[in-house]
Every structure is written in structure tokens, then in C-alpha cells.
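This is entry.tsv (TSV, C-alpha atoms).
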chain	number	residue	atom	x	y	z
A	881	MET	CA	40.99	0.32	22.15
A	882	ALA	CA	37.38	0.98	23.23
A	883	THR	CA	34.96	0.54	20.35
A	884	LYS	CA	31.44	1.86	20.10
A	885	ILE	CA	28.54	0.99	17.85
A	886	ARG	CA	26.93	4.30	17.02
A	887	LEU	CA	25.07	6.33	14.43
A	888	GLN	CA	26.77	8.44	11.78
A	889	ARG	CA	24.48	11.17	10.47
A	890	HIS	CA	23.89	11.72	6.76
A	891	GLY	CA	21.11	13.35	4.77
A	892	LYS	CA	20.00	16.92	4.42
A	893	LYS	CA	18.74	19.30	7.05
A	894	GLY	CA	15.49	18.06	8.57
A	895	LYS	CA	15.73	14.68	6.79
A	896	PRO	CA	18.31	12.66	8.73
A	897	PHE	CA	19.59	9.31	7.53
A	898	TYR	CA	22.05	7.34	9.63
A	899	TYR	CA	24.73	4.73	9.08
A	900	ILE	CA	25.27	2.27	11.91
A	901	VAL	CA	29.03	2.02	12.33
A	902	VAL	CA	31.68	0.64	14.65
A	903	ALA	CA	34.13	3.37	15.60
A	904	ASP	CA	36.83	4.14	18.11
A	905	ALA	CA	35.25	5.87	21.11
A	906	ARG	CA	37.61	8.84	20.66
A	907	ALA	CA	36.65	9.48	17.01
A	908	PRO	CA	34.15	12.26	16.20
A	909	ARG	CA	30.53	11.43	15.43
A	910	ASP	CA	30.75	11.71	11.65
A	911	GLY	CA	34.46	11.00	11.47
A	912	ARG	CA	36.59	7.94	11.01
A	913	PHE	CA	35.04	4.52	11.60
A	914	ILE	CA	36.22	0.91	11.58
A	915	GLU	CA	33.32	-0.83	9.85
A	916	ARG	CA	29.86	0.03	8.56
A	917	LEU	CA	27.21	-2.37	9.86
A	918	GLY	CA	24.02	-1.03	8.33
A	919	SER	CA	21.68	1.93	8.00
A	920	TYR	CA	18.74	3.48	9.84
A	921	ASN	CA	16.11	5.74	8.26
A	922	PRO	CA	13.73	7.31	10.80
A	923	ASN	CA	11.84	9.25	8.10
A	924	THR	CA	9.70	6.26	7.10
A	925	ASN	CA	6.85	4.78	9.11
A	926	PRO	CA	7.80	2.30	10.53
A	927	ALA	CA	11.48	3.26	10.55
A	928	THR	CA	13.64	1.37	8.04
A	929	ILE	CA	16.53	-0.55	9.58
A	930	ASP	CA	18.95	-2.48	7.37
A	931	ILE	CA	21.65	-4.23	9.35
A	932	ASN	CA	24.19	-6.99	8.76
A	933	PHE	CA	23.09	-9.22	11.62
A	934	ASP	CA	26.14	-11.52	11.72
A	935	LYS	CA	28.75	-8.74	11.73
A	936	THR	CA	26.81	-6.79	14.33
A	937	PHE	CA	26.46	-9.84	16.57
A	938	GLU	CA	30.19	-10.52	16.24
A	939	TRP	CA	31.08	-6.96	17.29
A	940	VAL	CA	28.67	-7.01	20.24
A	941	ASP	CA	29.96	-10.41	21.31
A	942	ASN	CA	33.56	-9.11	21.18
A	943	GLY	CA	32.71	-6.21	23.50
A	944	ALA	CA	31.74	-3.22	21.35
A	945	GLN	CA	29.46	-0.96	23.38
A	946	PRO	CA	26.37	0.42	21.58
A	947	THR	CA	25.14	3.92	22.31
A	948	ASP	CA	21.63	4.30	23.73
A	949	THR	CA	19.95	4.73	20.36
A	950	CYS	CA	21.95	1.91	18.80
A	951	ARG	CA	21.12	-0.29	21.78
A	952	ALA	CA	17.42	0.29	21.08
A	953	ILE	CA	17.94	-0.51	17.37
A	954	LEU	CA	19.93	-3.66	18.11
A	955	SER	CA	17.34	-4.75	20.64
A	956	TYR	CA	14.59	-4.17	18.05
A	957	LYS	CA	16.43	-6.30	15.50
A	958	GLY	CA	17.20	-9.05	18.03
A	959	VAL	CA	20.99	-8.80	18.23
A	960	LEU	CA	20.98	-8.24	21.99
A	961	TYR	CA	18.42	-11.01	22.53
A	962	LYS	CA	20.63	-13.45	20.64
A	963	LYS	CA	23.61	-12.36	22.76
A	964	HIS	CA	21.50	-13.01	25.85
A	965	LEU	CA	20.59	-16.50	24.63
A	966	GLN	CA	24.23	-17.25	23.78
A	967	GLY	CA	25.17	-16.28	27.34
A	968	GLY	CA	22.69	-18.90	28.55
A	969	VAL	CA	24.27	-21.49	26.25
A	970	LYS	CA	27.77	-20.68	27.58
A	971	LYS	CA	26.55	-21.07	31.17
A	972	GLY	CA	24.85	-24.37	30.36
A	973	ALA	CA	21.30	-23.22	31.09
A	974	LEU	CA	20.22	-23.83	27.48
A	975	THR	CA	21.33	-25.98	24.60
A	976	GLN	CA	22.15	-24.37	21.26
A	977	GLU	CA	19.01	-25.91	19.71
A	978	GLN	CA	16.78	-24.46	22.43
A	979	ALA	CA	18.37	-21.05	22.00
A	980	ASP	CA	17.90	-21.18	18.22
A	981	GLU	CA	14.28	-22.27	18.65
A	982	LYS	CA	13.53	-19.40	21.05
A	983	PHE	CA	15.20	-16.90	18.74
A	984	THR	CA	13.25	-18.03	15.65
A	985	ALA	CA	9.98	-17.90	17.60
A	986	TRP	CA	10.83	-14.37	18.73
A	987	THR	CA	11.70	-13.23	15.19
A	988	GLU	CA	8.45	-14.66	13.79
A	989	GLN	CA	6.45	-12.86	16.45
A	990	LYS	CA	8.32	-9.61	15.77
A	991	ASP	CA	7.75	-9.92	12.01
A	992	GLY	CA	4.05	-10.45	12.67
A	993	LYS	CA	3.86	-7.25	14.71
A	994	ILE	CA	5.68	-5.26	12.03
A	995	SER	CA	3.49	-6.56	9.21
A	996	GLY	CA	0.39	-5.87	11.32
A	997	LYS	CA	1.47	-2.27	11.81
A	998	LYS	CA	2.12	-1.84	8.09
A	999	GLU	CA	-1.33	-3.25	7.25
A	1000	THR	CA	-2.96	-0.96	9.79
A	1001	LEU	CA	-1.21	2.06	8.32
A	1002	THR	CA	-2.23	1.20	4.75
A	1003	SER	CA	-5.84	0.50	5.73
A	1004	SER	CA	-6.07	3.78	7.64
A	1005	LYS	CA	-4.69	5.64	4.61
A	1006	GLN	CA	-7.32	3.99	2.42
A	1007	GLU	CA	-10.10	4.90	4.88
A	1008	ILE	CA	-8.97	8.52	4.94
A	1009	ARG	CA	-8.84	8.59	1.15
A	1010	LYS	CA	-12.38	7.13	0.88
A	1011	ALA	CA	-13.74	9.66	3.38
A	1012	ALA	CA	-12.10	12.51	1.44
A	1013	LEU	CA	-13.60	11.27	-1.85
A	1014	LEU	CA	-17.08	11.02	-0.30
A	1015	ALA	CA	-16.81	14.52	1.15
A	1016	GLU	CA	-15.65	15.86	-2.21
A	1017	ALA	CA	-18.55	14.15	-4.02
A	1018	LYS	CA	-21.06	15.61	-1.53
A	1019	LYS	CA	-19.55	19.06	-1.93
A	1020	LYS	CA	-19.74	18.74	-5.71
A	1021	GLU	CA	-23.43	17.73	-5.53
A	1022	ASP	CA	-24.21	20.68	-3.24
A	1023	ARG	CA	-22.52	23.08	-5.66
A	1024	ALA	CA	-24.42	21.59	-8.60
A	1025	ALA	CA	-27.72	21.96	-6.71
A	1026	ALA	CA	-26.90	25.56	-5.81
A	1027	ILE	CA	-26.05	26.41	-9.44
A	1028	ALA	CA	-29.22	24.71	-10.67
A	1029	ALA	CA	-31.31	26.67	-8.17
A	1030	LYS	CA	-29.64	29.91	-9.22
A	1031	ASN	CA	-30.19	29.29	-12.94
A	1032	ALA	CA	-33.83	28.17	-12.57
A	1033	PRO	CA	-36.47	30.73	-13.71
A	1034	VAL	CA	-37.73	32.82	-10.83
A	1035	ALA	CA	-41.48	32.38	-10.18
A	1036	VAL	CA	-43.39	35.67	-9.91
A	1037	GLU	CA	-44.98	35.91	-6.50
A	1038	GLU	CA	-48.44	37.46	-6.16
A	1039	GLU	CA	-48.64	40.57	-4.08
A	1040	THR	CA	-49.90	39.83	-0.64
A	1041	PRO	CA	-52.89	41.85	0.50
A	1042	ALA	CA	-52.23	44.56	3.00
A	1043	THR	CA	-52.47	43.69	6.64
A	1044	GLU	CA	-55.68	44.17	8.52
A	1045	GLU	CA	-54.19	47.00	10.52
A	1046	GLY	CA	-53.48	48.91	7.34
A	1047	THR	CA	-57.06	48.47	6.12
A	1048	GLU	CA	-58.49	49.65	9.42
A	1049	ALA	CA	-56.35	52.71	9.23
A	1050	THR	CA	-57.67	53.58	5.78
A	1051	GLU	CA	-61.28	53.03	6.89
A	1052	SER	CA	-60.83	55.31	9.87
A	1053	THR	CA	-59.45	58.06	7.69
A	1054	GLU	CA	-62.42	57.73	5.29
A	1055	THR	CA	-64.95	58.06	8.11
A	1056	ALA	CA	-63.23	61.07	9.49
A	1057	GLU	CA	-63.88	63.05	6.32

Written form, C-alpha cells:
Amino acid sequence: MATKIRLQRHGKKGKPFYYIVVADARAPRDGRFIERLGSYNPNTNPATIDINFDKTFEWVDNGAQPTDTCRAILSYKGVLYKKHLQGGVKKGALTQEQADEKFTAWTEQKDGKISGKKETLTSSKQEIRKAALLAEAKKKEDRAAAIAAKNAPVAVEEETPATEEGTEATESTETAE
């Protein structure tokens, strides 16, 4: 029986949520499955992936073929890298201790990248929020200044004397009489 590791869609329209399952290759996408390995939520940033690492590694090691998306997820979580290292141990290129050491170093590096991305996202949200508050405060001050200017008593302006051209015109009419 050919087994596949694939996604089983759940959630409402436009908000997908997936279970990572092992199923017979002939079964429909959301149909019968053998075992549930974890979940994948692409709606969050970064995407939330909860997976039972040991069960997943066991299935991959026994020959279950992941789909393209599941392959990317398993690679992201390190299941395929561990399988690669175990292949090196079986061939004699590495010892089990060396393989474990490489895997822990890789997971620490990966965790550092993920935490860095989360910190960047939170700091950018805070910067956007601060900029919005400053813009709102400036807008509020401008409105207050405009209202104060509108409510201030209007100063009476003195009438400006007529232009010189107008005075010349009146003089010329007086001389003509």
C-alpha cells in the first residue's frame, strides 16, 4: 500500500487550516486517513506548524512519500534533514553523535531565525502604531488651532485709501468742469 503524507483541509472559506496526515494514496484529500501527525495554520505570520516529530520521522523513514507542500513543511521542521543525517550514519560516513550534534546546531540556528522574524514583526507593528499616534496628535493640534482661529474675535481692518489712479481720475473730472 502506497502511503502519502499530505494536508487535509479544514476551516471556513478563505481561512484554511490543515491537518498533516498519513493516508493511502488512493483516498480522497479530505477523506479517510491512517494517522494524524500534526497541524498547519498558514493564516498566522509566521505560519504555525505543530507536528509530532517522532511519528513523522518514523513514517518518512518507513517510506511514506510527502506531497510537495508537506515536503516543504517537513524540511522546515527538520524531519527531512534528520533523515538525511540518518542515511549518513547507516552508510558509515557519520557517527550517531556527530549526526545528533549537527541536528541540534541546525535546530538552534533555525529557532534563532524564527525568533528574529517574530521580533522584527512586533517591532515594526510598534513603529507603525507610534507613527499613527503622532500623526493623530498632529492632526488634533491642527484642528484645535483652526477652531481657536475661527472663534477668535475678528479685528476690524481700516479702509485702505483709494489707489492713485482713482484719485487722478477724480481730479481730471474736476478740472474738466

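CA of Val902 (chain A) to CA of Val969 (chain A) spans 26.1 Å [interatomic distance, one decimal].
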
Seminar exercise, completed: Here CA of Asp910 (chain A) and CA of Gln888 (chain A) stand apart by 5.2 Å

Problem set entry | Neighbour list for Thr987 (chain A) as a PyMOL selection string, cut-off 9 Å, only C-alpha atoms, skip fewer than 5 positions in-chain | chain A and resi 957-958+982+992

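Across the model, the gap from CA of Thr883 (chain A) to CA of Val940 (chain A) is 9.8 Å.
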
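Comparing A:Ala905, A:Ile900, A:Ala973, A:Ile1027 by their smallest distance to Met881 (chain A), the closest is A:Ala905 (using only C-alpha atoms).
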
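Proximity ranking of A:Ala1028, A:Thr949, A:Tyr899, A:Gly972 relative to Gly911 (chain A) places A:Tyr899 first, based on only C-alpha atoms.
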
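Residue nearest Thr1002 (chain A), chosen from A:Glu938, A:Arg889, A:Lys1020, A:Asn925 and counting all atoms listed in the file: A:Asn925.
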
Exercise. Near Ile914 (chain A), within 8 Å and counting only C-alpha atoms, which residues show up once chain neighbours fewer than 5 positions away are dropped, as an MDAnalysis selection string?
Worked result: chainID A and resid 901:904
